[in-house]
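Peer 1: Here you go, this is start.txt (compact mmCIF, C-alpha atoms).
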# COMPACT_ATOMS: atom_id res chain seq x y z
CA MET A 939 0.00 0.00 0.00
CA LYS A 940 2.88 2.32 0.91
CA THR A 941 4.54 1.68 -2.44
CA LYS A 942 1.38 2.57 -4.35
CA PHE A 943 1.07 5.88 -2.43
CA ILE A 944 4.66 6.88 -3.25
CA THR A 945 4.06 6.02 -6.90
CA PHE A 946 0.91 8.17 -6.88
CA VAL A 947 2.73 11.17 -5.35
CA SER A 948 5.55 10.87 -7.89
CA LEU A 949 3.05 10.76 -10.72
CA LEU A 950 1.24 13.80 -9.34
CA LEU A 951 4.50 15.80 -9.11
CA THR A 952 5.42 14.76 -12.63
CA LEU A 953 2.06 15.90 -13.95
CA THR A 954 2.31 19.20 -12.04
CA LEU A 955 5.78 19.95 -13.40
CA SER A 956 4.67 18.98 -16.89
CA ALA A 957 1.72 21.36 -16.65
CA ALA A 958 4.00 24.16 -15.42
CA CYS A 959 6.37 23.54 -18.29
CA ALA A 960 3.47 23.52 -20.71
CA LEU A 961 2.29 26.85 -19.37
CA GLY A 962 5.83 28.27 -19.59
CA ALA A 963 7.71 30.65 -17.26
CA THR A 964 7.08 34.38 -17.28
CA ALA A 965 9.27 37.40 -16.87
CA ASN A 966 8.44 40.99 -15.97
CA ALA A 967 9.40 43.50 -18.63
CA THR A 968 9.23 47.21 -19.37
CA ILE A 969 9.36 49.32 -22.48
CA VAL A 970 12.76 51.04 -22.74
CA ALA A 971 14.48 53.42 -25.12
CA PRO A 972 17.87 51.84 -25.89
CA ASN A 973 19.23 54.87 -27.70
CA THR A 974 19.83 58.02 -25.69
CA GLU A 975 21.11 61.28 -27.18
CA LYS A 976 23.48 63.20 -24.92
CA ILE A 977 23.33 66.98 -25.46
CA THR A 978 26.61 68.64 -24.46
CA ALA A 979 27.79 72.25 -24.49
CA PRO A 980 29.73 72.96 -27.71
CA PHE A 981 31.60 75.81 -26.00
CA ALA A 982 31.78 77.62 -22.69
CA GLY A 983 29.20 80.30 -22.09
CA THR A 984 25.97 81.35 -20.41
CA LEU A 985 22.60 79.84 -21.25
CA LEU A 986 19.66 82.14 -21.78
CA PRO A 987 16.56 81.37 -19.68
CA PHE A 988 14.69 78.26 -20.89
CA ASP A 989 11.68 76.22 -19.73
CA LEU A 990 12.84 72.68 -20.54
CA SER A 991 12.21 70.09 -17.82
CA ALA A 992 12.97 66.42 -17.28
CA GLY A 993 10.08 64.35 -18.62
CA ASP A 994 9.21 66.77 -21.44
CA GLU A 995 8.44 65.22 -24.81
CA VAL A 996 10.25 66.85 -27.71
CA LYS A 997 10.20 66.60 -31.48
CA ALA A 998 13.28 66.53 -33.70
CA GLY A 999 14.31 70.13 -34.33
CA ASP A 1000 12.62 71.59 -31.25
CA LEU A 1001 14.65 74.32 -29.55
CA LEU A 1002 16.15 73.14 -26.28
CA MET A 1003 18.52 75.90 -25.16
CA THR A 1004 20.19 79.05 -26.48
CA PHE A 1005 23.58 80.51 -25.60
CA ASP A 1006 23.89 84.15 -24.63
CA THR A 1007 26.51 86.29 -26.35
CA THR A 1008 28.87 89.02 -25.19
CA PRO A 1009 27.87 92.30 -26.85
CA VAL A 1010 30.38 94.79 -28.22
CA TYR A 1011 29.09 98.38 -28.32
CA ALA A 1012 30.24 101.52 -30.07
CA THR A 1013 32.32 103.72 -27.76
CA GLN A 1014 32.39 106.59 -30.26
CA SER A 1015 29.68 108.24 -32.35
CA GLY A 1016 30.57 108.55 -35.98
CA LYS A 1017 30.86 106.74 -39.27
CA VAL A 1018 32.02 103.13 -39.54
CA SER A 1019 34.91 103.47 -41.96
CA ALA A 1020 35.87 99.79 -42.01
CA VAL A 1021 34.65 96.39 -40.76
CA PHE A 1022 37.31 93.69 -40.84
CA ALA A 1023 35.64 90.92 -38.81
CA LYS A 1024 33.17 88.38 -40.17
CA VAL A 1025 30.94 85.86 -38.44
CA GLY A 1026 33.07 82.94 -37.31
CA ASP A 1027 36.32 84.91 -37.13
CA ASP A 1028 38.58 84.73 -34.11
CA ALA A 1029 38.78 88.27 -32.74
CA ALA A 1030 42.41 87.91 -31.69
CA GLY A 1031 43.47 86.87 -35.19
CA VAL A 1032 41.59 89.72 -36.84
CA ALA A 1033 43.05 92.26 -34.42
CA GLU A 1034 46.55 90.90 -34.96
CA HIS A 1035 46.21 91.34 -38.72
CA TYR A 1036 44.17 94.54 -38.99
CA GLY A 1037 44.55 96.08 -35.56
CA ALA A 1038 40.80 96.10 -34.91
CA LEU A 1039 37.50 94.36 -35.68
CA ALA A 1040 36.12 97.66 -36.99
CA VAL A 1041 37.09 101.31 -37.14
CA ILE A 1042 34.83 104.28 -36.36
CA GLU A 1043 35.66 107.74 -37.65
CA PRO A 1044 34.36 110.35 -35.18
CA SER A 1045 31.34 112.44 -36.21
CA HIS A 1046 33.46 115.54 -35.70
CA PRO A 1047 36.97 114.38 -36.53
CA LEU A 1048 38.75 117.76 -36.26
CA TYR A 1049 39.61 119.80 -33.21
CA VAL A 1050 41.68 122.87 -32.35
CA ALA A 1051 44.54 122.30 -29.95
CA ALA A 1052 44.42 125.84 -28.58
CA SER A 1053 46.21 127.94 -25.99
CA THR A 1054 45.29 131.15 -24.16
CA GLU A 1055 48.78 132.63 -24.69
CA GLN A 1056 47.47 134.85 -27.49
CA ALA A 1057 44.12 135.59 -25.87
CA TYR A 1058 42.97 139.20 -25.55
CA ASN A 1059 44.54 140.70 -22.43
CA ASP A 1060 41.58 140.08 -20.18
CA ALA A 1061 41.39 137.66 -17.25
CA ASP A 1062 38.01 136.34 -18.38
CA ASN A 1063 39.35 135.48 -21.84
CA ARG A 1064 42.12 133.42 -20.28
CA TYR A 1065 39.75 131.37 -18.12
CA ILE A 1066 38.22 128.68 -20.32
CA HIS A 1067 35.39 126.33 -19.31
CA ALA A 1068 34.84 122.83 -20.59
CA GLY A 1069 31.51 122.63 -22.39
CA GLU A 1070 31.32 126.23 -23.54
CA THR A 1071 30.81 127.14 -27.20
CA LEU A 1072 33.47 129.14 -29.01
CA TYR A 1073 33.39 130.80 -32.40
CA LEU A 1074 36.19 129.94 -34.78
CA LYS A 1075 37.86 131.84 -37.60
CA CYS A 1076 40.64 131.14 -40.09
CA ASN A 1077 41.04 133.87 -42.68
CA SER A 1078 37.51 134.17 -44.15
CA GLU A 1079 36.30 130.73 -42.96
CA LYS A 1080 34.15 130.73 -39.86
CA GLY A 1081 32.69 127.99 -37.66
CA THR A 1082 31.81 126.89 -34.15
CA GLY A 1083 33.20 124.46 -31.64
CA ILE A 1084 32.79 123.17 -28.11
CA VAL A 1085 35.50 123.05 -25.46
CA THR A 1086 36.03 119.40 -24.52
CA SER A 1087 38.96 119.69 -22.10
CA VAL A 1088 41.10 122.29 -20.32
CA SER A 1089 44.58 121.87 -18.87
CA GLY A 1090 46.27 125.05 -17.64
CA LYS A 1091 46.70 127.39 -20.61
CA ASN A 1092 45.86 124.66 -23.09
CA TYR A 1093 42.40 123.56 -24.14
CA VAL A 1094 40.75 121.51 -26.87
CA VAL A 1095 37.90 122.77 -29.05
CA GLU A 1096 36.02 120.16 -31.04
CA ILE A 1097 35.01 121.69 -34.37
CA LEU A 1098 31.28 121.40 -34.95
CA THR A 1099 30.79 123.62 -38.02
CA GLY A 1100 33.00 125.24 -40.62
CA SER A 1101 35.36 123.93 -43.29
CA PHE A 1102 38.84 123.88 -41.82
CA ASP A 1103 41.90 121.97 -42.94
CA LEU A 1104 44.53 120.15 -40.93
CA ASP A 1105 47.22 122.49 -39.56
CA ASP A 1106 45.10 125.61 -40.15
CA THR A 1107 45.70 128.20 -37.46
CA VAL A 1108 42.33 129.05 -35.97
CA ARG A 1109 41.40 131.97 -33.71
CA CYS A 1110 38.83 131.30 -30.99
CA PHE A 1111 36.27 133.85 -29.76
CA ARG A 1112 33.59 133.95 -27.09
CA GLU A 1113 31.24 136.20 -29.05
CA SER A 1114 29.63 135.27 -32.35
CA ALA A 1115 30.55 138.66 -33.88
CA MET A 1116 34.18 137.77 -33.09
CA PRO A 1117 35.40 141.14 -31.78
CA SER A 1118 39.08 141.08 -30.91
CA ASP A 1119 38.43 141.70 -27.23
CA SER A 1120 36.55 138.34 -27.02
CA GLU A 1121 39.44 136.28 -28.38
CA THR A 1122 40.32 133.40 -26.04
CA GLY A 1123 43.39 132.18 -27.89
CA ARG A 1124 44.58 130.35 -30.99
CA GLY A 1125 45.58 126.89 -32.07
CA ARG A 1126 46.16 124.44 -34.90
CA VAL A 1127 43.59 122.15 -36.43
CA THR A 1128 44.28 118.53 -35.50
CA ARG A 1129 42.46 115.28 -36.28
CA TYR A 1130 41.15 112.89 -33.67
CA ALA A 1131 42.42 109.33 -33.96
CA ASP A 1132 39.82 106.92 -35.27
CA THR A 1133 38.33 104.55 -32.70
CA SER A 1134 39.48 100.94 -33.09
CA ILE A 1135 36.95 98.38 -31.89
CA THR A 1136 38.49 95.30 -30.29
CA ALA A 1137 37.05 92.32 -28.39
CA GLN A 1138 37.82 88.81 -27.18
CA GLY A 1139 36.33 85.56 -28.48
CA ARG A 1140 34.77 84.35 -31.72
CA VAL A 1141 32.46 86.59 -33.73
CA ALA A 1142 28.89 85.27 -33.52
CA ALA A 1143 27.13 88.21 -35.20
CA VAL A 1144 28.04 91.43 -37.02
CA HIS A 1145 25.54 94.28 -36.85
CA VAL A 1146 27.27 97.01 -38.87
CA LYS A 1147 28.89 97.54 -42.24
CA ALA A 1148 31.28 100.12 -43.63
CA GLY A 1149 29.52 103.42 -44.17
CA ASP A 1150 27.01 103.03 -41.32
CA THR A 1151 26.53 105.88 -38.87
CA VAL A 1152 26.55 104.81 -35.23
CA SER A 1153 26.05 106.40 -31.84
CA VAL A 1154 27.73 105.58 -28.55
CA GLY A 1155 26.13 102.42 -27.21
CA ASP A 1156 25.01 100.98 -30.56
CA LEU A 1157 25.51 97.20 -30.87
CA LEU A 1158 28.36 96.37 -33.25
CA PHE A 1159 29.24 92.70 -32.64
CA GLU A 1160 28.22 89.69 -30.58
CA MET A 1161 30.92 87.36 -29.32
CA ILE A 1162 31.11 83.81 -27.97
CA ASP A 1163 33.91 81.75 -26.44
CA ALA A 1164 37.11 81.72 -28.48
CA THR A 1165 37.43 77.93 -28.17
CA SER A 1166 34.16 77.38 -30.05
CA GLU A 1167 34.26 75.85 -33.50
CA LYS A 1168 33.93 78.14 -36.48
CA GLY A 1169 30.28 78.19 -37.45
CA ALA A 1170 29.12 77.04 -34.01
CA SER A 1171 25.40 77.57 -33.48
CA LEU A 1172 24.02 79.52 -30.55
CA THR A 1173 21.04 77.19 -30.31
CA LEU A 1174 20.76 73.56 -29.28
CA SER A 1175 17.92 71.56 -30.84
CA ALA A 1176 16.49 68.09 -30.23
CA PRO A 1177 18.18 65.63 -32.64
CA VAL A 1178 15.32 63.10 -32.46
CA ASP A 1179 11.72 62.67 -31.39
CA GLY A 1180 12.03 61.72 -27.76
CA ALA A 1181 11.65 62.50 -24.08
CA VAL A 1182 14.02 64.40 -21.79
CA THR A 1183 15.21 61.76 -19.34
CA SER A 1184 17.59 64.05 -17.44
CA LEU A 1185 18.31 67.76 -17.21
CA ASN A 1186 21.83 68.42 -15.98
CA THR A 1187 21.94 72.23 -15.95
CA ALA A 1188 19.74 75.17 -14.98
CA SER A 1189 18.15 78.05 -16.83
CA GLY A 1190 20.65 80.93 -17.10
CA ALA A 1191 23.59 78.81 -15.89
CA GLN A 1192 27.20 79.19 -16.95
CA VAL A 1193 28.46 76.01 -18.58
CA TYR A 1194 31.81 74.70 -19.76
CA ARG A 1195 32.70 73.12 -23.07
CA GLY A 1196 31.70 69.46 -23.19
CA GLN A 1197 29.43 69.68 -20.15
CA LEU A 1198 26.42 67.33 -20.28
CA LEU A 1199 23.31 69.52 -20.45
CA CYS A 1200 20.55 66.96 -20.91
CA GLU A 1201 19.75 63.49 -22.20
CA ILE A 1202 16.96 62.62 -24.62
CA ALA A 1203 15.59 59.11 -25.02
CA ASP A 1204 14.93 58.29 -28.69
CA LEU A 1205 11.25 57.30 -28.79
CA THR A 1206 11.50 56.07 -32.37
CA THR A 1207 13.46 52.94 -31.35
CA LEU A 1208 11.70 51.37 -28.36
CA GLU A 1209 12.10 47.76 -27.19
CA LEU A 1210 11.25 45.47 -24.29
CA SER A 1211 13.67 44.84 -21.45
CA ALA A 1212 12.71 41.56 -19.75
CA GLU A 1213 14.11 40.39 -16.40
CA VAL A 1214 14.69 36.69 -17.02
CA ASP A 1215 15.51 34.44 -14.06
CA GLU A 1216 18.78 32.55 -14.43
CA LEU A 1217 16.80 29.29 -14.11
CA ASP A 1218 14.84 30.19 -17.27
CA LEU A 1219 17.69 31.69 -19.26
CA SER A 1220 18.64 28.38 -20.91
CA GLY A 1221 15.30 28.46 -22.69
CA VAL A 1222 16.03 31.78 -24.42
CA SER A 1223 18.31 32.45 -27.39
CA VAL A 1224 18.95 35.44 -29.62
CA GLY A 1225 16.61 35.15 -32.59
CA ASP A 1226 13.83 33.39 -30.65
CA THR A 1227 10.28 34.65 -30.96
CA LEU A 1228 8.59 35.25 -27.60
CA SER A 1229 5.02 36.25 -26.87
CA TYR A 1230 4.12 38.93 -24.36
CA THR A 1231 1.30 41.11 -23.13
CA LEU A 1232 1.30 44.83 -22.42
CA ASP A 1233 -0.57 46.30 -19.46
CA ALA A 1234 -1.51 49.28 -21.62
CA TYR A 1235 -3.21 46.98 -24.13
CA ALA A 1236 -5.11 44.48 -21.98
CA GLY A 1237 -6.49 41.47 -23.83
CA GLU A 1238 -3.93 41.65 -26.66
CA THR A 1239 -0.98 39.33 -27.13
CA PHE A 1240 2.12 40.37 -29.06
CA SER A 1241 5.24 38.60 -30.24
CA GLY A 1242 8.79 39.88 -30.63
CA THR A 1243 12.27 38.70 -31.51
CA VAL A 1244 15.03 38.36 -28.93
CA THR A 1245 17.74 40.76 -30.10
CA GLU A 1246 20.17 40.64 -27.18
CA ILE A 1247 20.87 38.82 -23.95
CA ARG A 1248 23.04 41.02 -21.78
CA PRO A 1249 25.81 38.99 -20.15
CA VAL A 1250 25.91 40.64 -16.73
CA GLY A 1251 23.07 39.74 -14.38
CA THR A 1252 21.59 41.50 -11.38
CA ALA A 1253 21.37 39.63 -8.07
CA ARG A 1254 18.14 40.07 -6.16
CA GLN A 1255 16.62 37.94 -3.35
CA ASN A 1256 18.91 34.92 -3.83
CA ALA A 1257 18.36 34.88 -7.59
CA THR A 1258 20.08 36.45 -10.55
CA TYR A 1259 18.16 38.08 -13.39
CA PHE A 1260 19.42 38.81 -16.87
CA ASP A 1261 18.31 41.63 -19.17
CA VAL A 1262 16.82 40.18 -22.35
CA ARG A 1263 15.91 42.64 -25.12
CA ILE A 1264 12.89 41.93 -27.35
CA THR A 1265 11.49 43.92 -30.26
CA ALA A 1266 8.46 46.08 -29.44
CA PRO A 1267 5.25 45.99 -31.50
CA SER A 1268 4.88 48.51 -34.30
CA GLY A 1269 1.85 50.72 -34.73
CA LYS A 1270 1.22 51.06 -31.00
CA TRP A 1271 1.59 54.18 -28.89
CA LEU A 1272 4.30 53.29 -26.39
CA LEU A 1273 6.36 55.14 -23.82
CA PRO A 1274 9.40 54.08 -21.75
CA GLY A 1275 8.36 52.56 -18.45
CA MET A 1276 5.21 50.81 -19.68
CA ASN A 1277 4.90 47.33 -18.15
CA ALA A 1278 4.75 43.98 -19.96
CA THR A 1279 4.83 40.26 -19.18
CA VAL A 1280 6.89 37.91 -21.35
CA THR A 1281 6.20 34.18 -21.67
CA ILE A 1282 9.28 31.94 -21.88
CA GLY A 1283 9.48 28.30 -22.95
CA GLN A 1284 5.87 27.83 -23.99
Any chance you could give the structure as structure tokens?
Peer 2:
Amino acid sequence: MKTKFITFVSLLLTLTLSAACALGATANATIVAPNTEKITAPFAGTLLPFDLSAGDEVKAGDLLMTFDTTPVYATQSGKVSAVFAKVGDDAAGVAEHYGALAVIEPSHPLYVAASTEQAYNDADNRYIHAGETLYLKCNSEKGTGIVTSVSGKNYVVEILTGSFDLDDTVRCFRESAMPSDSETGRGRVTRYADTSITAQGRVAAVHVKAGDTVSVGDLLFEMIDATSEKGASLTLSAPVDGAVTSLNTASGAQVYRGQLLCEIADLTTLELSAEVDELDLSGVSVGDTLSYTLDAYAGETFSGTVTEIRPVGTARQNATYFDVRITAPSGKWLLPGMNATVTIGQ
């Protein structure tokens, strides 16, 4: 009787194991994006404010971030007589060759380097004030000027009106009628040096051309880091349709060249990542077709091809699990992190 009972138990275990094998083992799986695009800073600089966040979905070509530039302004009002720098040029190289990125000729290029030594013998005529208007005369030519600086007996009068030539000797008067008793002195016509515009870095934008008239404070150039590549873009765009899986910088932050700014998971190449128990791994090979279900599509069964079995397992609760990659179904709306169940050995 005892022998028959043992035989019955053995048969029952055999049938149970056979049924389990017939049903097949299962493995938990998730949808993953195997390809991740790393967005790095092409050069050092400051990022303009942006509203990108981790988890955002982006389309290929969407603007992610924009670099700020260093502006170069006009320090002299006048006419731009020459522009030597072009977009992409290294400012140091241009300055070494031409001496400047651009040259501005002052609006009023001539001045009188005057002295009170020949002023009319009156104390008031020998006391000159910066900012006052004087009336100028050379032979029959007349004009006006403004005193821009005073140093002892010497003073400078910027010529505002009148046609005077370099080295002309000009008499200066306080009164428009130019009586001799209002003469404040004399001097020679001299030309201001042109203003040379210099900067550091690589030229990102040029806002003027030769012949333009500019005022102090007008934007002339925009510069970026000198180590940037020629033709470097100020904007960073999404290279693929995807989702921002990590954001490694902040809006308005200063970044260095090569710094990781964000990562984008490529949503056009999704696949399943199944955690297969080491006990079931012998029943799986690359190229096999496995069936699986997706929680997001209850009641449907899908099949996919095993494309990779990753050789390094993960130990968890006295068992080791291996990452098995399986092709995802086409024509379904899927996102990384969606859950699935894979059947093995059926």
Peer 1: Counting only C-alpha atoms, which residue out of A:Gln1255, A:Thr964, A:Ser1019, A:Asn1277 sits closest to Ser1134 (chain A)?
Peer 2: A:Ser1019
Peer 1: Residues within 6 Å of Asp1261 (chain A), please, as a ChimeraX atom specification. Count only C-alpha atoms; anything in the same chain fewer than 5 positions from it doesn't count.
Peer 2: /A:1212-1213,1248
Peer 1: Grab the CA of Leu1072 (chain A) to CA of Arg1126 (chain A) distance for me, in Å with one decimal place.
Peer 2: 14.8 Å
Peer 1: From the list A:Ala1137, A:Thr1013, A:Leu1157, A:Leu1002, which residue is nearest Ile977 (chain A) when using all atoms listed in the file?
Peer 2: A:Leu1002
Peer 1: Quote the spacing between CA of Ala1181 (chain A) and CA of Glu1201 (chain A) in Å to one decimal place.
Peer 2: 8.4 Å
Peer 1: What does the distance between CA of Ala1115 (chain A) and CA of Pro1047 (chain A) come to in Å, to one decimal place?
Peer 2: 25.3 Å
Peer 1: For Leu1104 (chain A), find every residue with an atom within 10 Å (counting only C-alpha atoms), except residues of its own chain fewer than 6 positions away, and show them as a compact mmCIF listing (two decimals) with C-alpha atoms, in the coordinates of the input.
Peer 2:
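Wrote part_29.txt, looks like this:
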# COMPACT_ATOMS: atom_id res chain seq x y z
CA LEU A 1048 38.75 117.76 -36.26
CA TYR A 1049 39.61 119.80 -33.21
CA VAL A 1050 41.68 122.87 -32.35
CA ARG A 1126 46.16 124.44 -34.90
CA VAL A 1127 43.59 122.15 -36.43
CA THR A 1128 44.28 118.53 -35.50
CA ARG A 1129 42.46 115.28 -36.28
Peer 1: With distances taken over only C-alpha atoms, which of A:Pro972, A:Ser1241, A:Phe1022, A:Ala1029 is nearest to Ala1148 (chain A)?
Peer 2: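 Closest candidate: A:Phe1022.
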Peer 1: Take the point (39.3, 121.7, -24.4) in the file's coordinates, draw a sphere of radius 10 Å around it, and report as a PDB file with C-alpha atoms, in the frame of the given file every protein, DNA or RNA residue with an atom inside or on it, counting only C-alpha atoms.
Peer 2:
ATOM      1  CA  TYR A1049      39.610 119.800 -33.210  1.00  0.00           C
ATOM      2  CA  VAL A1050      41.680 122.870 -32.350  1.00  0.00           C
ATOM      3  CA  ALA A1051      44.540 122.300 -29.950  1.00  0.00           C
ATOM      4  CA  ALA A1052      44.420 125.840 -28.580  1.00  0.00           C
ATOM      5  CA  SER A1053      46.210 127.940 -25.990  1.00  0.00           C
ATOM      6  CA  ILE A1066      38.220 128.680 -20.320  1.00  0.00           C
ATOM      7  CA  HIS A1067      35.390 126.330 -19.310  1.00  0.00           C
ATOM      8  CA  ALA A1068      34.840 122.830 -20.590  1.00  0.00           C
ATOM      9  CA  GLY A1069      31.510 122.630 -22.390  1.00  0.00           C
ATOM     10  CA  GLU A1070      31.320 126.230 -23.540  1.00  0.00           C
ATOM     11  CA  GLY A1083      33.200 124.460 -31.640  1.00  0.00           C
ATOM     12  CA  ILE A1084      32.790 123.170 -28.110  1.00  0.00           C
ATOM     13  CA  VAL A1085      35.500 123.050 -25.460  1.00  0.00           C
ATOM     14  CA  THR A1086      36.030 119.400 -24.520  1.00  0.00           C
ATOM     15  CA  SER A1087      38.960 119.690 -22.100  1.00  0.00           C
ATOM     16  CA  VAL A1088      41.100 122.290 -20.320  1.00  0.00           C
ATOM     17  CA  SER A1089      44.580 121.870 -18.870  1.00  0.00           C
ATOM     18  CA  ASN A1092      45.860 124.660 -23.090  1.00  0.00           C
ATOM     19  CA  TYR A1093      42.400 123.560 -24.140  1.00  0.00           C
ATOM     20  CA  VAL A1094      40.750 121.510 -26.870  1.00  0.00           C
ATOM     21  CA  VAL A1095      37.900 122.770 -29.050  1.00  0.00           C
ATOM     22  CA  GLU A1096      36.020 120.160 -31.040  1.00  0.00           C
TER      23      GLU A1096
END
Peer 1: I'd like the neighbourhood of Ser1166 (chain A) as a list in words, where a residue qualifies if any of its atoms comes within 10 Å (using only C-alpha atoms), though same-chain residues fewer than 3 positions away should be ignored.
Peer 2: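 What passes the distance filter is Ala979, Pro980, Phe981, Ala982, Gly983, Gly1026, Asp1028, Gly1139, Arg1140, Ile1162, Asp1163, Gly1169, Ala1170, Ser1171 and Arg1195 of chain A.
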Peer 1: So that I can check the surroundings of Val970 (chain A), please list as a list in words every protein, DNA and RNA residue that reaches within 6 Å of it, counting all atoms listed in the file and ignoring chain neighbours fewer than 3 positions away.
Peer 2: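 Counting all atoms listed in the file, the residues come to Leu1208, Glu1209, Leu1210 and Pro1274 of chain A.
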Peer 1: Select, from A:Ile1282, A:Leu1198, A:Val1154, A:Cys1110, the residue with the minimum atom-to-atom distance to Gly1016 (chain A), counting only C-alpha atoms.
Peer 2: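 So, comparing all the options, the nearest one is A:Val1154.
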Peer 1: Near Asp1000 (chain A), counting all atoms listed in the file, which residues have an atom at most 6 Å away, once you skip same-chain residues fewer than 2 positions from it, shown as number ranges by chain?
Peer 2: A: 997-998, 1175-1176
Peer 1: Could you produce a table of the residues of region 964-992 of chain A lying within 10 Å of region 1221-1233 of chain A, with the nearest pair of atoms per residue and their separation in Å rounded to one decimal, using only C-alpha atoms, ordered by chain and increasing residue number, as a Markdown table?
Peer 2:
| residue | atom | partner | partner_atom | distance |
| --- | --- | --- | --- | --- |
| A:Thr964 | CA | A:Tyr1230 | CA | 8.9 |
| A:Ala965 | CA | A:Tyr1230 | CA | 9.2 |
| A:Asn966 | CA | A:Tyr1230 | CA | 9.7 |
| A:Ala967 | CA | A:Tyr1230 | CA | 9.0 |
| A:Thr968 | CA | A:Leu1232 | CA | 8.8 |
| A:Ile969 | CA | A:Leu1232 | CA | 9.2 |
Peer 1: Using only C-alpha atoms, which residue out of A:Glu995, A:Ala1020, A:Val1146, A:Gly1155 lies closest to Tyr1036 (chain A)?
Peer 2: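 The shortest atom-to-atom distance to Tyr1036 (chain A) comes from A:Ala1020.
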Peer 1: Rank A:Asp1215, A:Glu1079, A:Glu1238, A:Asp1132 by their smallest atom-to-atom distance to Thr1107 (chain A), using all atoms listed in the file, and report the top residue only.
Peer 2: A:Glu1079
